[in-house]
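**Student:** My questions all concern the structure below.
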Amino acid sequence: MALSTLSSKSLYSNANNLFQQNQQQQSPTFSLVPGSKTLKSKSNLSISAVHAAEPTKNSVSVKESAAPVAAPGTGKWSLESWKTKKALQLPEYPDANELETVLKTIETFPPIVFAGEARSLEENLAEAAMGNAFLLQGGDCAESFKEFSANNIRDTFRILLQMGVVLMFGGQVPVIKVGRMAGQFAKPRSDPFEEKDGVKLPSYKGDNINGDAFNEKSRIPDPQRLIRAYCQSAATLNLLRAFATGGYAAMQRVTQWNLDFAQHSEQGDRYQELANRVDEALGFMAAAGLTVDHPIMTTTEFWTSHECLHLPYEQSLTRLDSTSGLYYDCSAHMLWCGERTRQLDGAHVEFLRGISNPIGIKVSNKMDPNELVKLIEIFNSNNKPGRITIIVRMGAENMRVKFPHLIRAVRRAGQIVTWVCDPMHGNTIKAPCGLKTRPFDAILV
């Protein structure tokens, strides 16, 4: 269960806190990439993290092989090879035929994203891994059907624009904006059942699986919810594309991105001060004859991401790219493997190793450094920059004590990754235990 959920106000507060700290602090030099040049960061950010939990003991509705026939991450991959592995966190549907009919229907639907967009994101993430860009990932812990509206989508997008301009202005590097949107429905649970007043029902697993109302009918997994989730994801991304390319994200509108609730607050005043400085810089450019109508100033790139949890749904949206001959999960540009489903010989790892999207790996203080190295090797045997993003989620004390061991193990293996801090849990981005390293390549909010 998530310990906290995202709100527009919390995102806004984080953005201004980052800017304020950036004004006051300097961070040590670092190099997280083997053989890379040491860079100087311009900020020493302090952020917190979200939800950590134990692996679930949930039963599954897919077949498991009697015994592994090959080492984890080896052997021939196919769209259905994950079905030979143990799969955690999958719902049990009462009508298998209805589920199969729904999945076959989704297979006929257009892709939500395109392979070329995922490749473009990977190229940008490679720049972050090499220290030449910064990743900002943000959005809801889980999207819902009830809160689906153009205003909510706009507000989340607008806050990510605000945070992006704060980070770009302060850090003087490009900011890659990735939303936890347009598909972040499923929720991994620590317990398959929930009990209230002596009544025991299946846990709520996200709007794409069952309902949150505490009654038997609502908690029965319903395959039709997958179609509604697809439609909502497609509509969300359609609106995001319009915001990103239709002029709303133009840098000249930087002063108009302030949300109404923050306009007369201390945070709003700080943001307005920064926005005015950006406006002054744009005015200088225009006076000097430099165009501010270039697409780079009037549009922005925006990508989507979610946890790869509901494997049957993810499989139904996976397509063979005709230009590269590679498989891409076209439900999102980037997918991540969660803390509860990252078993080396598990179904989720098996599925993710075969798709070519950028892959995230969520790790906590429970992650063994050697296991992390093996997991990265499974996902990225060619050590391609931009392929792997490691999302670190642990408290401040564990960041100081345990995080350096993960960095050292990855560096010893010569693996190139992008490091992300998952906030809301007391994480601090500082060089831990004297390890000469820069702040993270990214933050998730």
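Just remember, in the structure tokens the first chain shown is A, the second B, etc., residues are 1-based per chain, and ligands are 1-based in the order shown.
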Could you produce a table of the residues of region 144-241 of chain A lying within 10 Å of region 313-337 of chain A, with the nearest pair of atoms per residue and their separation in Å rounded to one decimal, using only C-alpha atoms, ordered by chain and increasing residue number, as a tab-separated table?

**Tutor:**
```
residue	atom	partner	partner_atom	distance
A:Val178	CA	A:Met334	CA	8.5
A:Gly179	CA	A:Met334	CA	9.7
A:Arg180	CA	A:Met334	CA	9.5
A:Met181	CA	A:Ala332	CA	8.9
A:Ala182	CA	A:Ala332	CA	7.6
A:Gly183	CA	A:Ser331	CA	7.0
A:Gln184	CA	A:Ala332	CA	9.4
A:Asn208	CA	A:Tyr313	CA	9.8
A:Pro223	CA	A:Tyr313	CA	9.8
A:Leu226	CA	A:Tyr313	CA	7.3
A:Ile227	CA	A:Tyr313	CA	9.5
A:Tyr230	CA	A:Ser331	CA	8.3
A:Ser233	CA	A:Ser331	CA	8.3
A:Ala234	CA	A:Ser331	CA	8.9
A:Leu237	CA	A:Ala332	CA	9.5
```

**Student:** Write down as a ChimeraX atom specification the residues of region 48-192 of chain A whose backbone DSSP state falls under helix (DSSP H, G or I).

**Tutor:** /A:81-84,96-108,115-129,150-171

**Student:** Near Gln256 (chain A), counting only C-alpha atoms, which residues have an atom at most 10 Å away, once you skip same-chain residues fewer than 5 positions from it, shown as an MDAnalysis selection string?

**Tutor:** chainID A and resid 158 162 248 251 272 275

**Student:** Given only C-alpha atoms as the basis, pick out the residue of A:Arg277, A:Lys200, A:Lys402, A:Lys85 nearest to Gly170 (chain A).

**Tutor:** A:Arg277

**Student:** Given only C-alpha atoms as the basis, pick out the residue of A:Trp82, A:Asp222, A:Val173, A:Arg393 nearest to Ala128 (chain A).

**Tutor:**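 Going through A:Trp82, A:Asp222, A:Val173, A:Arg393 one by one, the smallest distance to Ala128 (chain A) is for A:Val173.
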
**Student:** Counting only C-alpha atoms, which residue out of A:Ala229, A:Ile359, A:Leu99, A:Ala347 sits closest to Ser144 (chain A)?

**Tutor:**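 Result for the nearest residue to Ser144 (chain A): A:Ala229.
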
**Student:** Which one is closest to Ile176 (chain A): A:Thr74, A:Thr105, A:Thr300, A:Thr341? Count only C-alpha atoms.

**Tutor:**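 Answer, going by the shortest atom-to-atom distance: A:Thr300.
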
**Student:** Determine which residues of region 248-361 of chain A receive a DSSP assignment of strand (DSSP E), computed from the backbone, and state them as a ChimeraX atom specification.

**Tutor:** /A:302-307,318-320,327-329,334-337,359-361

**Student:** Let me make sure I understand: among A:Asp368, A:Glu350, A:Glu127, A:Glu397, which one has the smallest atom-to-atom distance to Lys83 (chain A) if we use only C-alpha atoms?

**Tutor:**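 Closest to Lys83 (chain A), using only C-alpha atoms: A:Glu350.
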
**Student:** So the first atom is CA of Ile388 (chain A) and the second is CA of Ile361 (chain A); what is the distance between them in Å, to one decimal place?

**Tutor:**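 Between these atoms lies a distance of 7.4 Å.
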